[in-house]
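Source file entry29.cif; content: mmCIF, C-alpha atoms and all ligand atoms; chains and numbers go by the auth columns.
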```cif
data_upload
#
loop_
_atom_site.group_PDB
_atom_site.id
_atom_site.type_symbol
_atom_site.label_atom_id
_atom_site.label_comp_id
_atom_site.label_asym_id
_atom_site.label_seq_id
_atom_site.Cartn_x
_atom_site.Cartn_y
_atom_site.Cartn_z
_atom_site.B_iso_or_equiv
_atom_site.auth_seq_id
_atom_site.auth_asym_id
ATOM 1 C CA MET A 1 0.000 0.000 0.000 0.00 17 A
ATOM 2 C CA ALA A 2 1.168 3.547 -0.710 0.00 18 A
ATOM 3 C CA THR A 3 2.554 5.876 1.926 0.00 19 A
ATOM 4 C CA LEU A 4 1.690 9.471 2.782 0.00 20 A
ATOM 5 C CA THR A 5 4.199 12.008 4.078 0.00 21 A
ATOM 6 C CA LEU A 6 2.695 13.888 7.008 0.00 22 A
ATOM 7 C CA ALA A 7 3.788 16.719 9.250 0.00 23 A
ATOM 8 C CA THR A 8 4.721 15.746 12.788 0.00 24 A
ATOM 9 C CA GLN A 9 2.754 16.778 15.839 0.00 25 A
ATOM 10 C CA ALA A 10 6.028 17.978 17.373 0.00 26 A
ATOM 11 C CA PRO A 11 9.549 17.758 15.995 0.00 27 A
ATOM 12 C CA ALA A 12 10.991 14.277 16.530 0.00 28 A
ATOM 13 C CA GLU A 13 13.578 14.200 19.284 0.00 29 A
ATOM 14 C CA PRO A 14 17.164 14.035 18.042 0.00 30 A
ATOM 15 C CA GLY A 15 19.119 10.888 18.835 0.00 31 A
ATOM 16 C CA GLY A 16 16.210 8.467 18.602 0.00 32 A
ATOM 17 C CA GLY A 17 14.081 9.664 21.544 0.00 33 A
ATOM 18 C CA ALA A 18 10.303 9.356 21.549 0.00 34 A
ATOM 19 C CA PRO A 19 8.947 8.438 18.094 0.00 35 A
ATOM 20 C CA ALA A 20 7.330 11.290 16.157 0.00 36 A
ATOM 21 C CA GLU A 21 3.552 11.401 16.058 0.00 37 A
ATOM 22 C CA PRO A 22 1.769 12.461 12.847 0.00 38 A
ATOM 23 C CA GLU A 23 -0.230 15.689 12.915 0.00 39 A
ATOM 24 C CA ILE A 24 -3.648 14.036 12.988 0.00 40 A
ATOM 25 C CA PHE A 25 -6.067 15.495 15.497 0.00 41 A
ATOM 26 C CA ALA A 26 -9.666 16.401 16.266 0.00 42 A
ATOM 27 C CA SER A 27 -10.733 19.993 16.693 0.00 43 A
ATOM 28 C CA VAL A 28 -13.276 22.484 15.446 0.00 44 A
ATOM 29 C CA GLN A 29 -12.609 24.002 12.040 0.00 45 A
ATOM 30 C CA GLY A 30 -11.095 27.426 12.563 0.00 46 A
ATOM 31 C CA GLU A 31 -11.593 29.074 9.186 0.00 47 A
ATOM 32 C CA GLY A 32 -13.927 29.395 6.227 0.00 48 A
ATOM 33 C CA PRO A 33 -17.447 28.100 5.588 0.00 49 A
ATOM 34 C CA SER A 34 -17.279 25.230 8.112 0.00 50 A
ATOM 35 C CA ALA A 35 -15.874 27.281 10.991 0.00 51 A
ATOM 36 C CA GLY A 36 -16.922 25.855 14.326 0.00 52 A
ATOM 37 C CA ALA A 37 -17.784 22.389 12.970 0.00 53 A
ATOM 38 C CA PRO A 38 -16.196 19.355 14.642 0.00 54 A
ATOM 39 C CA MET A 39 -13.586 17.748 12.433 0.00 55 A
ATOM 40 C CA ALA A 40 -10.764 15.297 12.132 0.00 56 A
ATOM 41 C CA PHE A 41 -7.685 16.940 10.627 0.00 57 A
ATOM 42 C CA VAL A 42 -4.731 15.427 8.801 0.00 58 A
ATOM 43 C CA ARG A 43 -1.812 17.656 7.842 0.00 59 A
ATOM 44 C CA LEU A 44 0.315 16.528 4.910 0.00 60 A
ATOM 45 C CA SER A 45 3.876 17.722 4.471 0.00 61 A
ATOM 46 C CA ARG A 46 5.408 19.594 1.479 0.00 62 A
ATOM 47 C CA CYS A 47 4.279 22.677 -0.410 0.00 63 A
ATOM 48 C CA ASN A 48 4.984 24.050 -3.862 0.00 64 A
ATOM 49 C CA LEU A 49 4.817 27.682 -2.664 0.00 65 A
ATOM 50 C CA ALA A 50 6.730 29.627 -0.007 0.00 66 A
ATOM 51 C CA CYS A 51 4.644 32.295 1.704 0.00 67 A
ATOM 52 C CA VAL A 52 6.677 34.686 3.859 0.00 68 A
ATOM 53 C CA TRP A 53 4.014 34.606 6.591 0.00 69 A
ATOM 54 C CA CYS A 54 3.193 30.881 6.325 0.00 70 A
ATOM 55 C CA ASP A 55 2.083 29.549 9.721 0.00 71 A
ATOM 56 C CA THR A 56 3.122 25.979 8.885 0.00 72 A
ATOM 57 C CA PRO A 57 6.695 26.423 7.570 0.00 73 A
ATOM 58 C CA TYR A 58 7.607 23.114 9.212 0.00 74 A
ATOM 59 C CA THR A 59 5.775 21.458 6.290 0.00 75 A
ATOM 60 C CA TRP A 60 8.162 22.863 3.639 0.00 76 A
ATOM 61 C CA ARG A 61 11.002 25.134 4.802 0.00 77 A
ATOM 62 C CA PHE A 62 13.585 22.462 5.390 0.00 78 A
ATOM 63 C CA GLU A 63 17.306 23.015 5.905 0.00 79 A
ATOM 64 C CA GLY A 64 18.903 24.186 2.672 0.00 80 A
ATOM 65 C CA ASP A 65 15.751 26.016 1.504 0.00 81 A
ATOM 66 C CA LYS A 66 16.816 29.650 1.137 0.00 82 A
ATOM 67 C CA ARG A 67 13.425 31.091 0.230 0.00 83 A
ATOM 68 C CA PRO A 68 12.528 33.921 2.603 0.00 84 A
ATOM 69 C CA HIS A 69 10.264 33.370 5.578 0.00 85 A
ATOM 70 C CA ARG A 70 9.705 35.899 8.316 0.00 86 A
ATOM 71 C CA GLY A 71 10.526 33.396 11.033 0.00 87 A
ATOM 72 C CA GLY A 72 13.893 32.713 9.440 0.00 88 A
ATOM 73 C CA VAL A 73 13.880 29.134 10.765 0.00 89 A
ATOM 74 C CA ALA A 74 15.005 26.181 8.663 0.00 90 A
ATOM 75 C CA PHE A 75 13.487 22.902 9.836 0.00 91 A
ATOM 76 C CA ASP A 76 15.107 19.487 10.035 0.00 92 A
ATOM 77 C CA ARG A 77 13.240 17.437 7.443 0.00 93 A
ATOM 78 C CA HIS A 78 13.628 14.164 9.315 0.00 94 A
ATOM 79 C CA ALA A 79 12.294 15.631 12.560 0.00 95 A
ATOM 80 C CA ASN A 80 9.293 17.282 10.914 0.00 96 A
ATOM 81 C CA GLN A 81 8.124 14.678 8.396 0.00 97 A
ATOM 82 C CA ILE A 82 6.805 11.194 8.945 0.00 98 A
ATOM 83 C CA ALA A 83 5.932 8.702 6.201 0.00 99 A
ATOM 84 C CA LEU A 84 3.153 6.278 7.066 0.00 100 A
ATOM 85 C CA PRO A 85 1.233 3.630 5.136 0.00 101 A
ATOM 86 C CA VAL A 86 -2.212 4.767 4.054 0.00 102 A
ATOM 87 C CA ALA A 87 -3.889 2.119 6.249 0.00 103 A
ATOM 88 C CA GLU A 88 -2.121 3.457 9.336 0.00 104 A
ATOM 89 C CA VAL A 89 -3.132 7.046 8.556 0.00 105 A
ATOM 90 C CA ALA A 90 -6.726 5.881 8.102 0.00 106 A
ATOM 91 C CA ALA A 91 -6.645 4.075 11.464 0.00 107 A
ATOM 92 C CA HIS A 92 -5.385 7.223 13.224 0.00 108 A
ATOM 93 C CA ILE A 93 -8.201 9.256 11.658 0.00 109 A
ATOM 94 C CA ARG A 94 -10.884 6.649 12.450 0.00 110 A
ATOM 95 C CA ALA A 95 -9.789 6.584 16.091 0.00 111 A
ATOM 96 C CA LEU A 96 -10.824 10.244 16.409 0.00 112 A
ATOM 97 C CA GLY A 97 -14.482 9.294 15.884 0.00 113 A
ATOM 98 C CA GLN A 98 -15.388 12.215 13.624 0.00 114 A
ATOM 99 C CA ARG A 99 -17.610 12.133 10.530 0.00 115 A
ATOM 100 C CA ARG A 100 -15.955 15.019 8.698 0.00 116 A
ATOM 101 C CA LEU A 101 -12.300 15.264 7.658 0.00 117 A
ATOM 102 C CA VAL A 102 -10.143 18.264 6.752 0.00 118 A
ATOM 103 C CA VAL A 103 -7.105 17.462 4.636 0.00 119 A
ATOM 104 C CA THR A 104 -4.607 20.278 5.014 0.00 120 A
ATOM 105 C CA GLY A 105 -0.937 21.020 4.580 0.00 121 A
ATOM 106 C CA GLY A 106 1.344 22.225 3.073 0.00 122 A
ATOM 107 C CA GLU A 107 -0.284 21.623 -0.259 0.00 123 A
ATOM 108 C CA PRO A 108 -2.057 18.264 0.098 0.00 124 A
ATOM 109 C CA ILE A 109 -2.861 17.732 -3.579 0.00 125 A
ATOM 110 C CA LEU A 110 0.882 17.224 -4.220 0.00 126 A
ATOM 111 C CA GLN A 111 0.246 13.730 -2.786 0.00 127 A
ATOM 112 C CA ALA A 112 -2.865 13.085 -4.867 0.00 128 A
ATOM 113 C CA GLY A 113 -2.262 9.365 -5.511 0.00 129 A
ATOM 114 C CA PRO A 114 -1.916 8.078 -1.944 0.00 130 A
ATOM 115 C CA LEU A 115 -4.417 10.690 -0.740 0.00 131 A
ATOM 116 C CA ALA A 116 -7.045 9.256 -3.095 0.00 132 A
ATOM 117 C CA GLU A 117 -6.315 5.802 -1.634 0.00 133 A
ATOM 118 C CA LEU A 118 -6.784 7.180 1.879 0.00 134 A
ATOM 119 C CA LEU A 119 -10.123 8.766 1.055 0.00 135 A
ATOM 120 C CA GLU A 120 -11.320 5.545 -0.589 0.00 136 A
ATOM 121 C CA VAL A 121 -10.621 3.738 2.696 0.00 137 A
ATOM 122 C CA LEU A 122 -12.487 6.504 4.574 0.00 138 A
ATOM 123 C CA ASP A 123 -15.363 6.285 2.134 0.00 139 A
ATOM 124 C CA ASP A 124 -18.075 7.260 4.635 0.00 140 A
ATOM 125 C CA MET A 125 -16.419 10.517 5.730 0.00 141 A
ATOM 126 C CA THR A 126 -17.287 13.933 4.346 0.00 142 A
ATOM 127 C CA VAL A 127 -14.072 15.528 3.115 0.00 143 A
ATOM 128 C CA GLU A 128 -12.905 19.091 2.750 0.00 144 A
ATOM 129 C CA ILE A 129 -9.459 19.878 1.421 0.00 145 A
ATOM 130 C CA GLU A 130 -7.398 23.028 1.799 0.00 146 A
ATOM 131 C CA THR A 131 -5.399 24.005 -1.263 0.00 147 A
ATOM 132 C CA ASN A 132 -3.453 27.020 -2.454 0.00 148 A
ATOM 133 C CA GLY A 133 -5.292 26.763 -5.764 0.00 149 A
ATOM 134 C CA THR A 134 -2.283 25.953 -7.968 0.00 150 A
ATOM 135 C CA THR A 135 -2.962 22.238 -8.188 0.00 151 A
ATOM 136 C CA ARG A 136 -5.703 20.083 -9.634 0.00 152 A
ATOM 137 C CA ALA A 137 -6.995 16.890 -8.075 0.00 153 A
ATOM 138 C CA PRO A 138 -7.063 14.006 -10.557 0.00 154 A
ATOM 139 C CA PRO A 139 -10.504 12.374 -11.020 0.00 155 A
ATOM 140 C CA ARG A 140 -9.887 9.551 -8.527 0.00 156 A
ATOM 141 C CA LEU A 141 -9.225 12.134 -5.801 0.00 157 A
ATOM 142 C CA ASP A 142 -11.659 14.791 -6.970 0.00 158 A
ATOM 143 C CA ILE A 143 -14.636 12.424 -6.719 0.00 159 A
ATOM 144 C CA ARG A 144 -14.014 12.059 -2.961 0.00 160 A
ATOM 145 C CA ILE A 145 -13.855 15.807 -2.246 0.00 161 A
ATOM 146 C CA ASP A 146 -17.029 17.400 -0.897 0.00 162 A
ATOM 147 C CA GLN A 147 -15.594 20.872 -0.368 0.00 163 A
ATOM 148 C CA TYR A 148 -12.530 22.724 -1.647 0.00 164 A
ATOM 149 C CA ASN A 149 -11.189 25.532 0.555 0.00 165 A
ATOM 150 C CA VAL A 150 -9.089 27.409 -2.003 0.00 166 A
ATOM 151 C CA SER A 151 -6.645 30.015 -0.706 0.00 167 A
ATOM 152 C CA PRO A 152 -4.886 31.737 -3.641 0.00 168 A
ATOM 153 C CA LYS A 153 -1.821 33.627 -2.537 0.00 169 A
ATOM 154 C CA LEU A 154 -1.681 37.370 -3.224 0.00 170 A
ATOM 155 C CA ALA A 155 1.450 39.443 -3.912 0.00 171 A
ATOM 156 C CA HIS A 156 2.122 40.063 -0.199 0.00 172 A
ATOM 157 C CA SER A 157 2.761 36.318 0.222 0.00 173 A
ATOM 158 C CA GLY A 158 6.088 36.855 -1.540 0.00 174 A
ATOM 159 C CA ASN A 159 5.414 34.192 -4.179 0.00 175 A
ATOM 160 C CA PRO A 160 5.874 35.133 -7.864 0.00 176 A
ATOM 161 C CA GLY A 161 2.469 35.605 -9.457 0.00 177 A
ATOM 162 C CA ASN A 162 3.285 33.169 -12.249 0.00 178 A
ATOM 163 C CA LEU A 163 3.672 30.404 -9.632 0.00 179 A
ATOM 164 C CA ALA A 164 0.914 31.352 -7.208 0.00 180 A
ATOM 165 C CA LEU A 165 -1.938 32.557 -9.441 0.00 181 A
ATOM 166 C CA LEU A 166 -2.578 30.204 -12.350 0.00 182 A
ATOM 167 C CA PRO A 167 -5.500 31.497 -14.458 0.00 183 A
ATOM 168 C CA GLU A 168 -6.713 28.102 -15.653 0.00 184 A
ATOM 169 C CA ARG A 169 -6.746 26.715 -12.128 0.00 185 A
ATOM 170 C CA LEU A 170 -8.519 29.732 -10.636 0.00 186 A
ATOM 171 C CA ALA A 171 -11.148 29.676 -13.385 0.00 187 A
ATOM 172 C CA ALA A 172 -11.740 25.945 -12.830 0.00 188 A
ATOM 173 C CA TYR A 173 -12.219 26.408 -9.086 0.00 189 A
ATOM 174 C CA ALA A 174 -14.467 29.428 -9.672 0.00 190 A
ATOM 175 C CA ALA A 175 -16.712 27.257 -11.838 0.00 191 A
ATOM 176 C CA ASP A 176 -16.876 24.473 -9.239 0.00 192 A
ATOM 177 C CA PRO A 177 -19.700 25.023 -6.716 0.00 193 A
ATOM 178 C CA ARG A 178 -17.785 22.935 -4.161 0.00 194 A
ATOM 179 C CA ALA A 179 -15.018 25.549 -4.029 0.00 195 A
ATOM 180 C CA TRP A 180 -14.855 28.416 -1.522 0.00 196 A
ATOM 181 C CA PHE A 181 -12.173 31.071 -1.849 0.00 197 A
ATOM 182 C CA LYS A 182 -10.325 32.341 1.205 0.00 198 A
ATOM 183 C CA PHE A 183 -7.964 35.260 0.676 0.00 199 A
ATOM 184 C CA VAL A 184 -5.439 36.156 3.364 0.00 200 A
ATOM 185 C CA ILE A 185 -5.447 39.951 3.750 0.00 201 A
ATOM 186 C CA ALA A 186 -2.657 41.949 5.407 0.00 202 A
ATOM 187 C CA GLU A 187 -3.485 45.476 4.192 0.00 203 A
ATOM 188 C CA PRO A 188 -6.671 47.092 2.838 0.00 204 A
ATOM 189 C CA ALA A 189 -4.974 47.458 -0.566 0.00 205 A
ATOM 190 C CA ASP A 190 -4.791 43.650 -0.862 0.00 206 A
ATOM 191 C CA VAL A 191 -8.549 43.662 -1.475 0.00 207 A
ATOM 192 C CA GLU A 192 -7.956 45.441 -4.805 0.00 208 A
ATOM 193 C CA GLU A 193 -6.059 42.339 -5.915 0.00 209 A
ATOM 194 C CA VAL A 194 -8.983 40.152 -4.806 0.00 210 A
ATOM 195 C CA LEU A 195 -11.388 42.279 -6.837 0.00 211 A
ATOM 196 C CA ALA A 196 -9.191 41.963 -9.926 0.00 212 A
ATOM 197 C CA LEU A 197 -9.066 38.169 -9.545 0.00 213 A
ATOM 198 C CA GLN A 198 -12.815 38.051 -8.959 0.00 214 A
ATOM 199 C CA ARG A 199 -13.426 39.941 -12.211 0.00 215 A
ATOM 200 C CA ALA A 200 -10.867 37.970 -14.224 0.00 216 A
ATOM 201 C CA HIS A 201 -12.145 34.539 -13.182 0.00 217 A
ATOM 202 C CA ALA A 202 -15.841 35.201 -12.483 0.00 218 A
ATOM 203 C CA ILE A 203 -15.606 34.151 -8.840 0.00 219 A
ATOM 204 C CA PRO A 204 -19.011 34.565 -7.145 0.00 220 A
ATOM 205 C CA ALA A 205 -18.746 37.122 -4.318 0.00 221 A
ATOM 206 C CA THR A 206 -20.819 34.820 -2.099 0.00 222 A
ATOM 207 C CA ARG A 207 -18.041 32.227 -2.224 0.00 223 A
ATOM 208 C CA ILE A 208 -15.253 34.653 -1.257 0.00 224 A
ATOM 209 C CA PHE A 209 -13.955 34.999 2.306 0.00 225 A
ATOM 210 C CA LEU A 210 -11.560 37.701 3.430 0.00 226 A
ATOM 211 C CA MET A 211 -9.420 36.452 6.284 0.00 227 A
ATOM 212 C CA PRO A 212 -6.980 38.581 8.294 0.00 228 A
ATOM 213 C CA GLU A 213 -3.321 37.629 8.205 0.00 229 A
ATOM 214 C CA GLY A 214 -2.079 37.046 11.729 0.00 230 A
ATOM 215 C CA THR A 215 -0.979 34.414 14.205 0.00 231 A
ATOM 216 C CA ASP A 216 -2.151 36.108 17.408 0.00 232 A
ATOM 217 C CA SER A 217 -5.546 37.383 18.530 0.00 233 A
ATOM 218 C CA ALA A 218 -4.519 41.034 18.690 0.00 234 A
ATOM 219 C CA ALA A 219 -3.329 41.076 15.059 0.00 235 A
ATOM 220 C CA LEU A 220 -6.489 39.304 13.870 0.00 236 A
ATOM 221 C CA ARG A 221 -8.787 41.654 15.790 0.00 237 A
ATOM 222 C CA ALA A 222 -6.993 44.745 14.496 0.00 238 A
ATOM 223 C CA ARG A 223 -7.347 43.685 10.864 0.00 239 A
ATOM 224 C CA GLU A 224 -10.930 42.503 11.273 0.00 240 A
ATOM 225 C CA GLY A 225 -11.784 46.067 12.314 0.00 241 A
ATOM 226 C CA TRP A 226 -11.151 47.359 8.790 0.00 242 A
ATOM 227 C CA LEU A 227 -12.082 44.133 7.004 0.00 243 A
ATOM 228 C CA VAL A 228 -15.749 44.288 8.041 0.00 244 A
ATOM 229 C CA PRO A 229 -16.526 47.466 6.037 0.00 245 A
ATOM 230 C CA LEU A 230 -14.709 45.977 3.026 0.00 246 A
ATOM 231 C CA CYS A 231 -16.841 42.817 3.268 0.00 247 A
ATOM 232 C CA LEU A 232 -19.973 44.977 3.435 0.00 248 A
ATOM 233 C CA ALA A 233 -18.868 47.048 0.448 0.00 249 A
ATOM 234 C CA HIS A 234 -18.166 44.079 -1.815 0.00 250 A
ATOM 235 C CA GLY A 235 -20.522 41.331 -0.598 0.00 251 A
ATOM 236 C CA PHE A 236 -17.688 39.135 0.687 0.00 252 A
ATOM 237 C CA ARG A 237 -17.722 37.054 3.861 0.00 253 A
ATOM 238 C CA LEU A 238 -15.342 37.459 6.789 0.00 254 A
ATOM 239 C CA SER A 239 -13.385 34.517 8.110 0.00 255 A
ATOM 240 C CA ASP A 240 -11.856 34.626 11.544 0.00 256 A
ATOM 241 C CA ARG A 241 -9.168 32.151 12.663 0.00 257 A
ATOM 242 C CA LEU A 242 -10.887 30.551 15.671 0.00 258 A
ATOM 243 C CA HIS A 243 -8.073 28.137 16.425 0.00 259 A
ATOM 244 C CA ILE A 244 -5.666 31.035 17.003 0.00 260 A
ATOM 245 C CA HIS A 245 -7.977 32.602 19.593 0.00 261 A
ATOM 246 C CA LEU A 246 -8.619 29.240 21.253 0.00 262 A
ATOM 247 C CA PHE A 247 -5.222 27.580 21.180 0.00 263 A
ATOM 248 C CA GLY A 248 -2.647 30.057 19.870 0.00 264 A
ATOM 249 C CA ASP A 249 -0.292 29.345 16.990 0.00 265 A
ATOM 250 C CA THR A 250 0.435 25.718 17.846 0.00 266 A
ATOM 251 C CA ARG A 251 0.600 22.397 16.051 0.00 267 A
ATOM 252 C CA GLY A 252 -2.214 19.894 16.364 0.00 268 A
ATOM 253 C CA THR A 253 -4.974 22.449 16.773 0.00 269 A
HETATM 254 S S1 LIG B . 0.603 27.799 0.311 0.00 301 A
HETATM 255 FE FE1 LIG B . -0.025 27.452 2.438 0.00 301 A
HETATM 256 S S2 LIG B . 1.371 25.863 3.237 0.00 301 A
HETATM 257 FE FE2 LIG B . 2.247 26.645 1.313 0.00 301 A
HETATM 258 S S3 LIG B . 3.705 28.213 1.994 0.00 301 A
HETATM 259 FE FE3 LIG B . 1.740 29.249 1.555 0.00 301 A
HETATM 260 S S4 LIG B . 0.621 29.328 3.503 0.00 301 A
HETATM 261 FE FE4 LIG B . 2.309 27.820 3.709 0.00 301 A
#
```
Write-out of the structure in structure tokens:
Amino acid sequence: MATLTLATQAPAEPGGGAPAEPEIFASVQGEGPSAGAPMAFVRLSRCNLACVWCDTPYTWRFEGDKRPHRGGVAFDRHANQIALPVAEVAAHIRALGQRRLVVTGGEPILQAGPLAELLEVLDDMTVEIETNGTTRAPPRLDIRIDQYNVSPKLAHSGNPGNLALLPERLAAYAADPRAWFKFVIAEPADVEEVLALQRAHAIPATRIFLMPEGTDSAALRAREGWLVPLCLAHGFRLSDRLHIHLFGDTRGT
């Protein structure tokens, strides 16, 4: 059976200490259209982008990766990744006793083959997947996805536009009623970029969330203060980041 590469719940201890646990956990969804709903989460490792404010750099910014990140930390790949057979990942998820699953990352669709196998094993679970919108799920995976949470990365992410904003992908997600768009906003001017993408790809305003950038409650609250009038002006929805308020910026939440 295929294997999946997951993030670890905490970095593995050097020198062969306690074995690393995969980042599989139960919590309430913190963002987007399902916020507040009880979920099982599985976090896959690796990403094809490099956002300067990424709150999960331990999924991609491994030692030797020189791409900028505001934390400046390079992570030990072996301490922060764990490869497990699909059946074992499924057993971990089943043990949580939830009916709904969030597949997150990193960019989970990079592991489309084994991920499709996993979701076939978990064939009675409702599945939402979080993607940066640059990838496409092949049919075997796509058929198991009930909801796409698409988070295209704007210029302030630091990614080149030709890597982060792929017109054919954005148009395909815009045309898919399962897809919700969640834009991370750092400054009011970022919303101009959202409006341009909305026009270019015919994204329905009712499926667009504006979400404040921030990894602490004070930063989120400050940005939400000016995001509300922008949501009212353009018919967008506001997404908070509940897990930050509840648990802080920690793994496994
Ligand atoms: S796309 Fe997501 S996981 Fe990848 S670097 Fe950006 S914020 Fe992090």
Next item on the list: For the structure shown, which residues end up in the PyMOL selection byres (((chain A and resi 268) around 8) and not hetatm)? Put them as a count of residues only, please?
Entry: 7
Can you check which parts of chain A lie within 8 Å of ligand LIG 301 (chain A)? Per residue, the shortest pair of atoms and distance in Å to one decimal, counting all atoms listed in the file, sorted by chain and number, as JSON lines.
```
{"residue": "A:Arg62", "atom": "CA", "partner": "A:LIG301", "partner_atom": "S2", "distance": 7.7}
{"residue": "A:Cys63", "atom": "CA", "partner": "A:LIG301", "partner_atom": "FE2", "distance": 4.8}
{"residue": "A:Asn64", "atom": "CA", "partner": "A:LIG301", "partner_atom": "FE2", "distance": 6.4}
{"residue": "A:Leu65", "atom": "CA", "partner": "A:LIG301", "partner_atom": "S3", "distance": 4.8}
{"residue": "A:Ala66", "atom": "CA", "partner": "A:LIG301", "partner_atom": "S3", "distance": 3.9}
{"residue": "A:Cys67", "atom": "CA", "partner": "A:LIG301", "partner_atom": "S3", "distance": 4.2}
{"residue": "A:Val68", "atom": "CA", "partner": "A:LIG301", "partner_atom": "S3", "distance": 7.4}
{"residue": "A:Trp69", "atom": "CA", "partner": "A:LIG301", "partner_atom": "S4", "distance": 7.0}
{"residue": "A:Cys70", "atom": "CA", "partner": "A:LIG301", "partner_atom": "S4", "distance": 4.1}
{"residue": "A:Asp71", "atom": "CA", "partner": "A:LIG301", "partner_atom": "FE4", "distance": 6.3}
{"residue": "A:Thr72", "atom": "CA", "partner": "A:LIG301", "partner_atom": "FE4", "distance": 5.6}
{"residue": "A:Pro73", "atom": "CA", "partner": "A:LIG301", "partner_atom": "FE4", "distance": 6.0}
{"residue": "A:Thr75", "atom": "CA", "partner": "A:LIG301", "partner_atom": "S2", "distance": 6.9}
{"residue": "A:Trp76", "atom": "CA", "partner": "A:LIG301", "partner_atom": "S3", "distance": 7.2}
{"residue": "A:Gly121", "atom": "CA", "partner": "A:LIG301", "partner_atom": "S2", "distance": 5.5}
{"residue": "A:Gly122", "atom": "CA", "partner": "A:LIG301", "partner_atom": "S2", "distance": 3.6}
{"residue": "A:Glu123", "atom": "CA", "partner": "A:LIG301", "partner_atom": "S2", "distance": 5.7}
{"residue": "A:Thr147", "atom": "CA", "partner": "A:LIG301", "partner_atom": "S1", "distance": 7.3}
{"residue": "A:Asn148", "atom": "CA", "partner": "A:LIG301", "partner_atom": "S1", "distance": 5.0}
{"residue": "A:Ser167", "atom": "CA", "partner": "A:LIG301", "partner_atom": "S1", "distance": 7.6}
{"residue": "A:Pro168", "atom": "CA", "partner": "A:LIG301", "partner_atom": "S1", "distance": 7.8}
{"residue": "A:Lys169", "atom": "CA", "partner": "A:LIG301", "partner_atom": "S1", "distance": 6.9}
{"residue": "A:Ser173", "atom": "CA", "partner": "A:LIG301", "partner_atom": "FE3", "distance": 7.3}
```
Next item on the list: Take CA of Pro27 (chain A) and CA of Gly80 (chain A) and report the distance between them in Å, one decimal.
Entry: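 CA of Gly80 (chain A) lies at a distance of 17.5 Å from CA of Pro27 (chain A).
Among A:Glu208, A:Ile125, A:Tyr74, A:Ala28, the residue with the shortest atom-to-atom distance to Val89 (chain A), counting only C-alpha atoms, is A:Tyr74.
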Item checked: Expansion of the PyMOL selection byres (((chain A and resi 200) around 9) and not hetatm) into residues, as a list in words -> Ser167, Pro168, Lys169, Leu170, Ser173, Lys198, Phe199, Ile201, Ala202, Asp206, Phe225, Leu226, Met227, Pro228 and Glu229 of chain A
Notebook entry, point to check: Of the candidates A:Pro193, A:Pro38, A:Pro245, A:Gly251, which shows the shortest atom-to-atom distance to Gln214 (chain A), using all atoms listed in the file?
Noted result: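 Once distances to Gln214 (chain A) are computed over all atoms listed in the file, the minimum belongs to A:Gly251.
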Notebook entry, point to check: Written as a ChimeraX atom specification, which residues does the PyMOL selection byres (((chain A and resi 166) around 12) and not hetatm) give for the file shown?
Noted result: /A:47-49,120,123-125,144-152,163-165,167-169,180-181,185-190,192-200,219,223-226
Notebook entry, point to check: If you measure from CA of Asn96 (chain A) to CA of Ala128 (chain A), what distance in Å do you get, rounded to one decimal?
Noted result: 20.4 Å
Step by step, gather every atom of region 173-187 of chain A that the file lists, find the box along x, y and z that holds them, add 3 Å on each side, and finally give centre and edge lengths in Å to one decimal, as AutoDock Vina command-line options.
```
--center_x -2.5 --center_y 31.8 --center_z -7.7 --size_x 23.2 --size_y 16.1 --size_z 21.9
```
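Closest approach to Glu209 (chain A) from the set A:Gln97, A:Ala191, A:Ala171, A:Ile161 is made by A:Ala171, with distances taken over all atoms listed in the file.
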Need the shell around His108 (chain A): protein/DNA/RNA residues with any atom at most 12 Å away, counting all atoms listed in the file. Skip same-chain ones fewer than 2 positions apart. Format as a JSON list (two decimals) with C-alpha atoms, in the coordinates of the input?
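As written to disk, selection-v6.json reads:
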```json
[["chain", "number", "residue", "atom", "x", "y", "z"],
["A", 37, "GLU", "CA", 3.55, 11.40, 16.06],
["A", 38, "PRO", "CA", 1.77, 12.46, 12.85],
["A", 39, "GLU", "CA", -0.23, 15.69, 12.92],
["A", 40, "ILE", "CA", -3.65, 14.04, 12.99],
["A", 41, "PHE", "CA", -6.07, 15.50, 15.50],
["A", 42, "ALA", "CA", -9.67, 16.40, 16.27],
["A", 56, "ALA", "CA", -10.76, 15.30, 12.13],
["A", 57, "PHE", "CA", -7.68, 16.94, 10.63],
["A", 58, "VAL", "CA", -4.73, 15.43, 8.80],
["A", 100, "LEU", "CA", 3.15, 6.28, 7.07],
["A", 101, "PRO", "CA", 1.23, 3.63, 5.14],
["A", 102, "VAL", "CA", -2.21, 4.77, 4.05],
["A", 103, "ALA", "CA", -3.89, 2.12, 6.25],
["A", 104, "GLU", "CA", -2.12, 3.46, 9.34],
["A", 105, "VAL", "CA", -3.13, 7.05, 8.56],
["A", 106, "ALA", "CA", -6.73, 5.88, 8.10],
["A", 110, "ARG", "CA", -10.88, 6.65, 12.45],
["A", 111, "ALA", "CA", -9.79, 6.58, 16.09],
["A", 112, "LEU", "CA", -10.82, 10.24, 16.41],
["A", 113, "GLY", "CA", -14.48, 9.29, 15.88],
["A", 114, "GLN", "CA", -15.39, 12.22, 13.62],
["A", 117, "LEU", "CA", -12.30, 15.26, 7.66],
["A", 134, "LEU", "CA", -6.78, 7.18, 1.88],
["A", 138, "LEU", "CA", -12.49, 6.50, 4.57]]
```
Check: Which distance in Å separates CA of Leu262 (chain A) and CA of Ser233 (chain A), to one decimal?
Finding: 9.1 Å
Check: Of the candidates A:Ala249, A:Ala238, A:Thr222, A:Ala95, which one gets nearest to Val207 (chain A) if we count all atoms listed in the file?
Finding: A:Ala249
Next item on the list: Tell me, as a list in words, which residues lie within 9 Å of Pro130 (chain A), counting all atoms listed in the file; anything in the same chain fewer than 5 positions away does not count.
Entry: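 Near Pro130 (chain A), the qualifying residues are Met17, Ala18, Thr19, Leu20, Pro101, Val102 and Leu135 of chain A.
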